[in-house]
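my_file-v3.csv follows (CSV, C-alpha atoms and all ligand atoms):
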chain,number,residue,atom,x,y,z
A,69,MET,CA,23.0,-7.6,13.1
A,70,ALA,CA,20.3,-6.0,15.2
A,71,LEU,CA,21.2,-2.5,14.0
A,72,GLY,CA,21.2,-3.7,10.4
A,73,ARG,CA,17.7,-5.1,10.9
A,74,ILE,CA,16.4,-1.9,12.4
A,75,ILE,CA,17.7,0.0,9.3
A,76,GLU,CA,16.1,-2.5,7.0
A,77,LEU,CA,12.8,-2.2,8.8
A,78,ALA,CA,13.0,1.6,8.7
A,79,ARG,CA,13.7,1.5,4.9
A,80,VAL,CA,10.6,-0.7,4.4
A,81,LYS,CA,8.5,1.8,6.4
A,82,TYR,CA,10.0,4.6,4.3
A,83,PHE,CA,9.0,2.7,1.1
A,84,GLN,CA,5.5,2.2,2.4
A,85,GLU,CA,5.1,5.9,3.0
A,86,HIS,CA,6.8,7.1,-0.2
A,87,ARG,CA,5.8,4.3,-2.6
A,88,LYS,CA,4.3,6.9,-5.0
A,89,ASP,CA,6.8,9.8,-4.7
A,90,ASP,CA,10.0,7.9,-4.1
A,91,PRO,CA,9.7,4.3,-5.1
A,92,SER,CA,13.5,3.8,-5.3
A,93,CYS,CA,13.9,5.1,-1.8
A,94,SER,CA,16.5,7.6,-2.9
A,95,GLY,CA,15.6,10.0,-0.1
A,96,PHE,CA,16.0,7.3,2.6
A,97,LYS,CA,19.1,8.1,4.7
A,98,PRO,CA,20.3,5.3,7.0
A,99,GLU,CA,22.3,7.8,9.1
A,100,ASP,CA,19.0,9.6,10.1
A,101,ILE,CA,17.9,6.4,11.8
A,102,LEU,CA,21.0,6.4,13.9
A,103,LYS,CA,20.3,9.9,15.2
A,104,VAL,CA,19.1,9.3,18.7
A,105,ASP,CA,17.8,11.8,21.3
A,106,PRO,CA,19.3,10.6,24.6
A,107,LYS,CA,16.0,11.3,26.4
A,108,ASP,CA,14.4,8.6,24.3
A,109,LEU,CA,16.8,6.0,25.5
A,110,ASN,CA,16.3,3.6,28.4
A,111,MET,CA,19.7,4.3,30.1
A,112,ARG,CA,19.3,1.8,32.9
A,113,VAL,CA,21.5,2.6,35.9
A,114,LEU,CA,23.7,-0.2,37.0
A,115,GLU,CA,22.3,-0.3,40.5
A,116,GLY,CA,18.9,0.6,41.9
A,117,LYS,CA,15.7,1.2,39.9
A,118,PRO,CA,15.9,1.2,36.1
A,119,ARG,CA,14.9,4.3,34.2
A,120,PRO,CA,11.3,4.2,33.0
A,121,LEU,CA,10.8,3.2,29.4
A,122,PHE,CA,8.5,6.2,28.8
A,123,ASP,CA,7.6,9.6,30.4
A,124,HIS,CA,4.8,8.6,32.7
A,125,SER,CA,3.7,12.2,33.3
A,126,LYS,CA,2.9,12.9,29.7
A,127,PHE,CA,1.6,9.4,28.8
A,128,HIS,CA,-1.8,8.9,27.2
A,129,VAL,CA,-3.6,6.0,25.8
A,130,SER,CA,-6.2,5.5,23.1
A,131,LYS,CA,-9.0,3.0,23.0
A,132,SER,CA,-7.0,1.2,20.3
A,133,SER,CA,-3.8,1.1,22.3
A,134,LEU,CA,-5.8,-0.2,25.4
A,135,GLN,CA,-7.1,-3.0,23.2
A,136,THR,CA,-3.7,-3.7,21.9
A,137,TYR,CA,-2.3,-4.0,25.5
A,138,ASP,CA,-5.2,-6.2,26.4
A,139,THR,CA,-4.4,-8.5,23.5
A,140,CYS,CA,-0.6,-8.6,24.0
A,141,PRO,CA,1.4,-6.2,26.3
A,142,TYR,CA,4.6,-6.8,24.3
A,143,LYS,CA,2.9,-5.8,21.0
A,144,PHE,CA,1.8,-2.6,22.8
A,145,LYS,CA,5.4,-2.0,23.9
A,146,LEU,CA,6.7,-2.4,20.3
A,147,GLN,CA,3.9,-0.4,18.7
A,148,ASP,CA,3.0,2.3,21.2
A,149,ILE,CA,6.1,2.8,23.3
A,150,GLN,CA,9.0,2.0,21.0
A,151,LYS,CA,7.2,2.9,17.8
A,152,THR,CA,8.8,0.0,16.0
A,153,PRO,CA,8.2,-0.1,12.3
A,154,SER,CA,6.9,-3.3,10.8
A,155,THR,CA,7.5,-5.1,7.5
A,156,LYS,CA,3.9,-6.2,7.0
A,157,PRO,CA,2.0,-4.0,4.4
A,158,SER,CA,-0.8,-1.9,6.0
A,159,THR,CA,-3.3,-2.3,3.2
A,160,HIS,CA,-6.0,-3.5,5.5
A,161,LEU,CA,-5.7,-0.5,7.9
A,162,ASP,CA,-5.2,1.8,5.0
A,163,PHE,CA,-8.5,0.7,3.4
A,164,GLY,CA,-10.4,1.1,6.7
A,165,GLY,CA,-8.9,4.6,7.1
A,166,THR,CA,-10.1,5.4,3.5
A,167,ILE,CA,-13.7,4.4,4.2
A,168,HIS,CA,-13.7,6.4,7.4
A,169,GLU,CA,-12.4,9.5,5.6
A,170,MET,CA,-14.9,9.1,2.8
A,171,ILE,CA,-17.9,8.9,5.2
A,172,ASP,CA,-16.6,11.8,7.3
A,173,SER,CA,-15.9,14.0,4.3
A,174,LEU,CA,-19.3,13.3,2.7
A,175,MET,CA,-21.0,14.2,6.1
A,176,LYS,CA,-19.0,17.4,6.5
A,177,GLU,CA,-19.8,18.5,3.0
A,178,ASP,CA,-23.5,17.9,3.3
A,179,PRO,CA,-24.7,16.9,6.8
A,180,LYS,CA,-28.4,17.0,6.0
A,181,ASN,CA,-28.7,14.8,2.9
A,182,ILE,CA,-27.7,11.3,2.0
A,183,PRO,CA,-25.2,11.3,-0.8
A,184,THR,CA,-25.8,9.6,-4.1
A,185,LYS,CA,-23.8,6.4,-4.9
A,186,GLU,CA,-22.0,8.3,-7.7
A,187,LYS,CA,-20.9,11.0,-5.3
A,188,ALA,CA,-19.7,8.5,-2.7
A,189,MET,CA,-17.8,6.5,-5.3
A,190,GLN,CA,-16.1,9.7,-6.5
A,191,LYS,CA,-15.1,10.5,-2.9
A,192,LEU,CA,-13.8,7.0,-2.4
A,193,LYS,CA,-11.6,7.2,-5.4
A,194,GLU,CA,-10.3,10.6,-4.3
A,195,LYS,CA,-9.4,9.2,-0.9
A,196,LEU,CA,-7.7,6.1,-2.5
A,197,VAL,CA,-5.3,8.1,-4.7
A,198,PHE,CA,-2.3,8.1,-2.4
A,199,ARG,CA,-2.8,4.6,-0.8
A,200,ALA,CA,-0.1,2.0,-0.8
A,201,PHE,CA,-1.5,-0.8,-3.1
A,202,GLN,CA,0.9,-3.4,-4.4
A,203,SER,CA,-0.7,-3.5,-7.9
A,204,SER,CA,-3.5,-2.1,-9.9
A,205,ASN,CA,-5.4,-5.4,-9.4
A,206,GLU,CA,-5.2,-4.9,-5.7
A,207,GLU,CA,-6.4,-1.3,-6.1
A,208,GLN,CA,-9.4,-2.5,-8.2
A,209,TYR,CA,-10.2,-5.1,-5.6
A,210,HIS,CA,-10.5,-2.5,-3.0
A,211,ILE,CA,-12.6,-0.2,-5.2
A,212,THR,CA,-15.0,-3.1,-5.7
A,213,ARG,CA,-15.1,-3.8,-2.0
A,214,GLY,CA,-15.6,-0.1,-1.4
A,215,GLU,CA,-18.6,0.0,-3.8
A,216,ALA,CA,-20.3,-2.8,-1.8
A,217,ILE,CA,-19.6,-0.9,1.4
A,218,ILE,CA,-21.0,2.3,-0.1
A,219,GLU,CA,-24.2,0.5,-1.1
A,220,ASN,CA,-24.7,-0.9,2.4
A,221,TYR,CA,-23.8,2.5,4.0
A,222,LEU,CA,-26.4,4.3,1.9
A,223,LYS,CA,-29.1,1.8,2.7
A,224,TRP,CA,-28.2,2.1,6.4
A,225,ARG,CA,-28.5,5.9,6.2
A,226,ALA,CA,-31.8,5.7,4.5
A,227,ASN,CA,-33.2,3.4,7.3
A,228,ASN,CA,-31.7,5.5,10.1
A,229,LYS,CA,-34.4,7.6,11.8
A,230,ASN,CA,-32.1,9.3,14.4
A,231,GLU,CA,-30.7,12.8,14.0
A,232,ILE,CA,-27.0,12.8,13.2
A,233,LEU,CA,-25.2,15.3,15.4
A,234,ASP,CA,-21.5,15.0,14.4
A,235,THR,CA,-18.8,12.7,13.0
A,236,GLU,CA,-15.2,12.1,13.9
A,237,ILE,CA,-15.5,13.7,17.3
A,238,TRP,CA,-12.3,13.9,19.4
A,239,ILE,CA,-12.6,12.7,23.0
A,240,ASP,CA,-10.1,13.4,25.7
A,241,PHE,CA,-10.6,12.7,29.4
A,242,GLU,CA,-8.7,11.5,32.4
A,243,PHE,CA,-9.0,8.2,34.3
A,244,GLU,CA,-6.6,6.9,36.9
A,245,GLY,CA,-4.3,9.9,36.3
A,246,VAL,CA,-3.9,9.0,32.6
A,247,LYS,CA,-5.4,10.7,29.6
A,248,ILE,CA,-7.6,8.6,27.4
A,249,LYS,CA,-7.9,10.0,23.9
A,250,GLY,CA,-9.8,8.8,20.8
A,251,LYS,CA,-12.1,9.7,18.0
A,252,VAL,CA,-15.8,8.7,17.9
A,253,ASP,CA,-17.0,8.0,14.4
A,254,TRP,CA,-20.6,9.0,14.6
A,255,LEU,CA,-23.0,10.5,17.2
A,256,GLU,CA,-26.8,10.6,16.9
A,257,LYS,CA,-29.7,11.8,18.9
A,258,ASN,CA,-32.7,9.4,19.1
A,259,PRO,CA,-36.4,10.6,19.1
A,260,ASN,CA,-36.3,10.6,22.9
A,261,GLY,CA,-33.4,13.2,22.9
A,262,GLU,CA,-30.8,10.6,24.0
A,263,TYR,CA,-27.4,10.1,22.5
A,264,GLU,CA,-26.3,7.0,20.6
A,265,VAL,CA,-22.8,6.3,19.3
A,266,VAL,CA,-21.9,4.3,16.2
A,267,ASP,CA,-18.5,3.1,15.3
A,268,PHE,CA,-17.9,1.9,11.7
A,269,LYS,CA,-16.0,-1.3,11.1
A,270,THR,CA,-14.6,-2.3,7.7
A,271,GLY,CA,-13.2,-5.8,8.5
A,272,LYS,CA,-15.0,-8.6,6.8
A,273,CYS,CA,-15.9,-10.6,9.9
A,274,PRO,CA,-18.5,-9.0,12.2
A,275,GLN,CA,-18.2,-9.6,16.0
A,276,SER,CA,-20.8,-11.4,18.0
A,277,GLN,CA,-23.0,-9.7,20.5
A,278,SER,CA,-21.0,-11.1,23.4
A,279,GLU,CA,-17.7,-10.0,21.9
A,280,VAL,CA,-19.0,-6.5,21.5
A,281,GLU,CA,-20.3,-6.5,25.1
A,282,GLU,CA,-16.9,-7.7,26.3
A,283,GLY,CA,-14.8,-5.2,24.3
A,284,LEU,CA,-13.7,-1.9,25.6
A,285,GLU,CA,-14.2,0.6,22.9
A,286,LEU,CA,-17.9,1.4,23.1
A,287,TYR,CA,-17.6,2.1,26.9
A,288,VAL,CA,-14.6,4.4,26.2
A,289,TYR,CA,-16.5,6.3,23.5
A,290,ALA,CA,-19.6,6.6,25.7
A,291,ARG,CA,-17.5,8.1,28.6
A,292,GLY,CA,-15.7,10.4,26.2
A,293,ILE,CA,-19.0,11.8,24.9
A,294,GLU,CA,-20.3,12.3,28.4
A,295,LYS,CA,-17.1,14.2,29.4
A,296,LYS,CA,-17.4,16.6,26.5
A,297,ASN,CA,-18.9,19.9,27.5
A,298,GLU,CA,-21.2,20.2,24.5
A,299,TYR,CA,-22.8,16.8,25.2
A,300,GLY,CA,-22.4,16.2,29.0
A,301,LYS,CA,-24.4,13.0,29.4
A,302,LEU,CA,-23.8,9.3,28.8
A,303,PRO,CA,-25.2,7.9,25.5
A,304,VAL,CA,-27.9,5.3,26.1
A,305,LYS,CA,-26.8,3.1,23.3
A,306,ALA,CA,-23.6,2.3,21.4
A,307,SER,CA,-23.0,0.1,18.4
A,308,LEU,CA,-20.5,-1.3,16.0
A,309,TYR,CA,-21.7,-1.2,12.4
A,310,PHE,CA,-19.9,-3.8,10.3
A,311,ILE,CA,-20.5,-2.1,7.0
A,312,GLU,CA,-19.4,-4.8,4.6
A,313,ALA,CA,-21.5,-7.4,6.3
A,314,ASP,CA,-24.3,-4.9,6.9
A,315,LYS,CA,-24.5,-6.0,10.5
A,316,GLN,CA,-25.0,-3.6,13.4
A,317,VAL,CA,-24.3,-4.9,16.9
A,318,ALA,CA,-25.6,-2.6,19.6
A,319,ILE,CA,-25.4,-2.5,23.4
A,320,ASP,CA,-27.5,-0.6,25.9
A,321,LEU,CA,-25.5,1.6,28.3
A,322,ASP,CA,-26.0,3.1,31.7
A,323,GLU,CA,-23.7,4.5,34.3
A,324,ASP,CA,-23.4,1.2,36.3
A,325,LYS,CA,-22.4,-0.7,33.2
A,326,VAL,CA,-19.8,1.8,32.0
A,327,LYS,CA,-18.4,2.3,35.5
A,328,LYS,CA,-18.0,-1.5,35.9
A,329,VAL,CA,-15.9,-1.8,32.7
A,330,PHE,CA,-13.7,1.1,33.8
A,331,ASP,CA,-13.2,-0.1,37.3
A,332,GLU,CA,-12.9,-3.8,36.6
A,333,LYS,CA,-11.0,-3.8,33.4
A,334,ILE,CA,-9.6,-0.5,32.1
A,335,LYS,CA,-8.2,0.5,35.5
A,336,GLY,CA,-6.1,-2.8,35.7
A,337,LEU,CA,-4.8,-2.3,32.2
A,338,ILE,CA,-3.6,1.2,33.0
A,339,GLN,CA,-2.0,0.1,36.2
A,340,ASP,CA,-0.1,-2.6,34.4
A,341,ILE,CA,1.0,-0.3,31.6
A,342,MET,CA,2.3,2.2,34.2
A,343,ALA,CA,4.1,-0.7,36.0
A,344,GLU,CA,5.7,-1.4,32.6
A,345,LYS,CA,4.5,-5.0,32.4
A,346,PHE,CA,5.2,-5.8,28.8
A,347,ASP,CA,5.5,-9.6,28.6
A,348,PRO,CA,4.4,-11.2,25.3
A,349,ARG,CA,1.1,-13.0,25.3
A,350,PRO,CA,1.5,-15.5,22.5
A,351,ASP,CA,-1.6,-16.8,20.9
A,352,ASN,CA,-1.9,-18.8,17.7
A,353,TYR,CA,-4.6,-16.5,16.1
A,354,GLU,CA,-3.3,-13.2,17.3
A,355,CYS,CA,0.4,-13.9,16.5
A,356,GLY,CA,-0.6,-15.2,13.1
A,357,ARG,CA,-1.9,-11.8,12.1
A,358,CYS,CA,0.5,-9.7,14.2
A,359,LYS,CA,2.7,-7.3,12.2
A,360,TYR,CA,5.6,-7.9,14.7
A,361,LEU,CA,5.7,-11.7,14.2
A,362,PRO,CA,9.0,-11.5,12.2
A,363,ILE,CA,10.8,-10.0,15.2
A,364,CYS,CA,9.0,-11.7,18.0
A,365,ASP,CA,10.4,-15.1,19.2
A,366,ALA,CA,7.5,-15.7,21.5
A,367,GLY,CA,5.1,-15.2,18.6
A,368,LYS,CA,7.1,-17.5,16.3
A,369,SER,CA,6.9,-20.3,18.8
A,370,ALA,CA,3.1,-19.9,18.9
A,371,VAL,CA,2.2,-20.2,15.2
B,1,LIG,S1,3.7,-12.0,17.7
B,1,LIG,FE1,2.3,-12.6,19.3
B,1,LIG,S2,3.5,-12.5,21.2
B,1,LIG,FE2,4.6,-11.4,19.6
B,1,LIG,S3,4.0,-9.2,19.8
B,1,LIG,FE3,2.7,-10.1,18.3
B,1,LIG,S4,0.9,-10.8,19.4
B,1,LIG,FE4,2.5,-10.5,20.9

Rewrite the structure of this file - the entire thing - as structure tokens.
Amino acid sequence: MALGRIIELARVKYFQEHRKDDPSCSGFKPEDILKVDPKDLNMRVLEGKPRPLFDHSKFHVSKSSLQTYDTCPYKFKLQDIQKTPSTKPSTHLDFGGTIHEMIDSLMKEDPKNIPTKEKAMQKLKEKLVFRAFQSSNEEQYHITRGEAIIENYLKWRANNKNEILDTEIWIDFEFEGVKIKGKVDWLEKNPNGEYEVVDFKTGKCPQSQSEVEEGLELYVYARGIEKKNEYGKLPVKASLYFIEADKQVAIDLDEDKVKKVFDEKIKGLIQDIMAEKFDPRPDNYECGRCKYLPICDAGKSAV
């Protein structure tokens, strides 16, 4: 039964990835799912310590995976350790990725000038071509949403007096013996010559000031920029810009503030991940929107 479910989930994942080029899933081969590399298996010994679930020496985390662990360690295990496919469509993530790609691509093509709305719409449609929408209505809905987002983005650009330094910047640094990786959406220099980080959010509901202060991501981005040779100092400000709601929530940063988050929060998360503590943390709201709900008993009992 369990094996059959794994194959069904893998076929759904194949369909989501090949909706346009192989909608009948003729290229999906169940036998490929059963090919297992023994080094990926948790071959627990019958006595003594169990074999680790992952190679601790090569392990790295991203700011998103840290956030996932913070929300539910079991979800982190399914998603980031076991790479379990899910049956829920990924339209929301897909759309967010499209908006990020559109902004980055426009910036890389012309870093000095603000694009026209027509140019941005054209770019949006280019980026949407291969996305997994269930119907043309759903595709049109996202184009309309994208148009509203573009209008806000262009207005935000016109009012932004900082100098834009770069977009989609890879960060990669070590903390507590583990690599933390990620991508910073947007880096600016203010008129005082100090750095400011912006992360774009495409969800409909903006976070409050306290939620942003308590989150991890802006502190991770700030440390990542400081650790890059070409920048070498901590940004003084970081913000989340909720484009659809046209709301920017900013926090001021300094070394004490960033160090506190790393020492008091991120350190504990990393230690728990390395200790392989992956118990589910059921919560009505989180489980209700979790892509693993169909295969998680703890989650099902919470919703
Ligand atoms: S359904 Fe809930 S408990 Fe289960 S993995 Fe998702 S968030 Fe965690």

Got a sec: who's within 12 Å of A:Pro91, counting only C-alpha atoms, leaving out chain neighbours fewer than 5 positions off, as a PyMOL selection string? chain A and resi 79-86+96+200+202

Just want the residues within 8 Å of ligand LIG 1 (chain B), written as JSON, numbers by chain, counting all atoms listed in the file. {"A": [139, 140, 141, 142, 143, 144, 146, 348, 349, 350, 351, 352, 354, 355, 356, 357, 358, 359, 360, 361, 362, 363, 364, 365, 366, 367, 368, 370]}

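For A:Lys315, the set of protein, DNA and RNA residues having any atom at most 12 Å away, when counting only C-alpha atoms and skipping those fewer than 4 positions along the same chain, is Ile217, Asn220, Tyr221, Lys223, Trp224, Asp267, Phe268, Lys269, Thr270, Gly271, Lys272, Cys273, Pro274, Gln275, Ser276, Gln277, Ser307, Leu308, Tyr309, Phe310 and Ile311 of chain A.
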
Selected residues written out with C-alpha atoms, as a CSV table (one decimal), in the coordinates of the input:
chain,number,residue,atom,x,y,z
A,217,ILE,CA,-19.6,-0.9,1.4
A,220,ASN,CA,-24.7,-0.9,2.4
A,221,TYR,CA,-23.8,2.5,4.0
A,223,LYS,CA,-29.1,1.8,2.7
A,224,TRP,CA,-28.2,2.1,6.4
A,267,ASP,CA,-18.5,3.1,15.3
A,268,PHE,CA,-17.9,1.9,11.7
A,269,LYS,CA,-16.0,-1.3,11.1
A,270,THR,CA,-14.6,-2.3,7.7
A,271,GLY,CA,-13.2,-5.8,8.5
A,272,LYS,CA,-15.0,-8.6,6.8
A,273,CYS,CA,-15.9,-10.6,9.9
A,274,PRO,CA,-18.5,-9.0,12.2
A,275,GLN,CA,-18.2,-9.6,16.0
A,276,SER,CA,-20.8,-11.4,18.0
A,277,GLN,CA,-23.0,-9.7,20.5
A,307,SER,CA,-23.0,0.1,18.4
A,308,LEU,CA,-20.5,-1.3,16.0
A,309,TYR,CA,-21.7,-1.2,12.4
A,310,PHE,CA,-19.9,-3.8,10.3
A,311,ILE,CA,-20.5,-2.1,7.0

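In this model, the gap between atom CA of A:Ile75 and atom CA of A:Ser154 comes to 11.4 Å.
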
Distance query A:Asn181 at most 12 Å, all atoms listed in the file, self and fewer than 3 positions along chain excluded, as a list in words: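 Final neighbour list, sorted by chain and number: Leu174, Met175, Lys176, Glu177, Asp178, Thr184, Lys187, Leu222, Arg225, Ala226, Glu231 and Ile232 of chain A.
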
Between atom CA of A:Phe346 and atom CA of A:Lys325, distance in Å (one decimal): 28.4 Å

What is the atom CA of A:Leu71-atom CA of A:Arg119 distance in Å, reported with one decimal?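 These atoms are spaced 22.2 Å apart.
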
Using only C-alpha atoms - which residues lie no farther than 12 Å from the point (-12.0, 2.8, 4.2) in the file's frame? Write them as a PDB file with C-alpha atoms, in the coordinates of the input.
ATOM      1  CA  THR A 159      -3.300  -2.300   3.200  1.00  0.00           C
ATOM      2  CA  HIS A 160      -6.000  -3.500   5.500  1.00  0.00           C
ATOM      3  CA  LEU A 161      -5.700  -0.500   7.900  1.00  0.00           C
ATOM      4  CA  ASP A 162      -5.200   1.800   5.000  1.00  0.00           C
ATOM      5  CA  PHE A 163      -8.500   0.700   3.400  1.00  0.00           C
ATOM      6  CA  GLY A 164     -10.400   1.100   6.700  1.00  0.00           C
ATOM      7  CA  GLY A 165      -8.900   4.600   7.100  1.00  0.00           C
ATOM      8  CA  THR A 166     -10.100   5.400   3.500  1.00  0.00           C
ATOM      9  CA  ILE A 167     -13.700   4.400   4.200  1.00  0.00           C
ATOM     10  CA  HIS A 168     -13.700   6.400   7.400  1.00  0.00           C
ATOM     11  CA  GLU A 169     -12.400   9.500   5.600  1.00  0.00           C
ATOM     12  CA  MET A 170     -14.900   9.100   2.800  1.00  0.00           C
ATOM     13  CA  ILE A 171     -17.900   8.900   5.200  1.00  0.00           C
ATOM     14  CA  ASP A 172     -16.600  11.800   7.300  1.00  0.00           C
ATOM     15  CA  SER A 173     -15.900  14.000   4.300  1.00  0.00           C
ATOM     16  CA  ALA A 188     -19.700   8.500  -2.700  1.00  0.00           C
ATOM     17  CA  MET A 189     -17.800   6.500  -5.300  1.00  0.00           C
ATOM     18  CA  LYS A 191     -15.100  10.500  -2.900  1.00  0.00           C
ATOM     19  CA  LEU A 192     -13.800   7.000  -2.400  1.00  0.00           C
ATOM     20  CA  LYS A 193     -11.600   7.200  -5.400  1.00  0.00           C
ATOM     21  CA  GLU A 194     -10.300  10.600  -4.300  1.00  0.00           C
ATOM     22  CA  LYS A 195      -9.400   9.200  -0.900  1.00  0.00           C
ATOM     23  CA  LEU A 196      -7.700   6.100  -2.500  1.00  0.00           C
ATOM     24  CA  ARG A 199      -2.800   4.600  -0.800  1.00  0.00           C
ATOM     25  CA  HIS A 210     -10.500  -2.500  -3.000  1.00  0.00           C
ATOM     26  CA  ILE A 211     -12.600  -0.200  -5.200  1.00  0.00           C
ATOM     27  CA  THR A 212     -15.000  -3.100  -5.700  1.00  0.00           C
ATOM     28  CA  ARG A 213     -15.100  -3.800  -2.000  1.00  0.00           C
ATOM     29  CA  GLY A 214     -15.600  -0.100  -1.400  1.00  0.00           C
ATOM     30  CA  GLU A 215     -18.600   0.000  -3.800  1.00  0.00           C
ATOM     31  CA  ALA A 216     -20.300  -2.800  -1.800  1.00  0.00           C
ATOM     32  CA  ILE A 217     -19.600  -0.900   1.400  1.00  0.00           C
ATOM     33  CA  ILE A 218     -21.000   2.300  -0.100  1.00  0.00           C
ATOM     34  CA  TYR A 221     -23.800   2.500   4.000  1.00  0.00           C
ATOM     35  CA  PHE A 268     -17.900   1.900  11.700  1.00  0.00           C
ATOM     36  CA  LYS A 269     -16.000  -1.300  11.100  1.00  0.00           C
ATOM     37  CA  THR A 270     -14.600  -2.300   7.700  1.00  0.00           C
ATOM     38  CA  GLY A 271     -13.200  -5.800   8.500  1.00  0.00           C
ATOM     39  CA  PHE A 310     -19.900  -3.800  10.300  1.00  0.00           C
ATOM     40  CA  ILE A 311     -20.500  -2.100   7.000  1.00  0.00           C
ATOM     41  CA  GLU A 312     -19.400  -4.800   4.600  1.00  0.00           C
TER      42      GLU A 312
END

Extract, using only C-alpha atoms, all DNA, RNA and protein residues at most 8 Å from A:Leu255, discarding same-chain residues fewer than 5 positions from it, and format them as a PyMOL selection string. chain A and resi 232-235+263-266

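Shortest atom-to-atom contact with A:Glu242 among A:Asp123, A:Gly72, A:Pro98, A:Lys295: A:Lys295, counting only C-alpha atoms.
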
Quick one: everything within 8 Å of stretch 243-245 of chain A, counting all atoms listed in the file, minus sequence neighbours fewer than 2 positions away in the same chain. Send it as a PDB file with C-alpha atoms, in the coordinates of the input.
ATOM      1  CA  PHE A 241     -10.600  12.700  29.400  1.00  0.00           C
ATOM      2  CA  LYS A 247      -5.400  10.700  29.600  1.00  0.00           C
ATOM      3  CA  ILE A 248      -7.600   8.600  27.400  1.00  0.00           C
ATOM      4  CA  LYS A 335      -8.200   0.500  35.500  1.00  0.00           C
ATOM      5  CA  ILE A 338      -3.600   1.200  33.000  1.00  0.00           C
TER       6      ILE A 338
END

Pull C-alpha atoms for stretch 301-330 of chain A from the block and write them as an mmCIF file, in the first residue's frame.
data_model
loop_
_atom_site.group_PDB
_atom_site.id
_atom_site.type_symbol
_atom_site.label_atom_id
_atom_site.label_comp_id
_atom_site.auth_asym_id
_atom_site.auth_seq_id
_atom_site.Cartn_x
_atom_site.Cartn_y
_atom_site.Cartn_z
ATOM 1 C CA LYS A 301 29.379 45.160 6.013
ATOM 2 C CA LEU A 302 26.015 44.660 7.613
ATOM 3 C CA PRO A 303 23.021 46.391 5.977
ATOM 4 C CA VAL A 304 21.442 48.981 8.262
ATOM 5 C CA LYS A 305 17.929 48.201 7.133
ATOM 6 C CA ALA A 306 16.011 45.277 5.665
ATOM 7 C CA SER A 307 12.428 45.078 4.550
ATOM 8 C CA LEU A 308 9.748 42.859 3.112
ATOM 9 C CA TYR A 309 7.826 44.504 0.315
ATOM 10 C CA PHE A 310 4.370 42.927 -0.103
ATOM 11 C CA ILE A 311 3.900 44.022 -3.678
ATOM 12 C CA GLU A 312 0.245 43.171 -4.175
ATOM 13 C CA ALA A 313 -0.771 45.016 -0.997
ATOM 14 C CA ASP A 314 1.805 47.747 -1.737
ATOM 15 C CA LYS A 315 3.063 47.550 1.845
ATOM 16 C CA GLN A 316 6.726 47.664 2.840
ATOM 17 C CA VAL A 317 7.614 46.556 6.366
ATOM 18 C CA ALA A 318 11.155 47.515 7.358
ATOM 19 C CA ILE A 319 13.370 46.778 10.342
ATOM 20 C CA ASP A 320 16.512 48.603 11.394
ATOM 21 C CA LEU A 321 19.532 46.386 11.869
ATOM 22 C CA ASP A 322 22.764 46.440 13.822
ATOM 23 C CA GLU A 323 25.260 43.803 14.907
ATOM 24 C CA ASP A 324 23.674 43.261 18.348
ATOM 25 C CA LYS A 325 20.250 42.657 16.865
ATOM 26 C CA VAL A 326 21.457 40.230 14.190
ATOM 27 C CA LYS A 327 23.759 38.372 16.610
ATOM 28 C CA LYS A 328 20.904 37.940 19.077
ATOM 29 C CA VAL A 329 18.689 36.252 16.454
ATOM 30 C CA PHE A 330 21.509 33.951 15.362
#
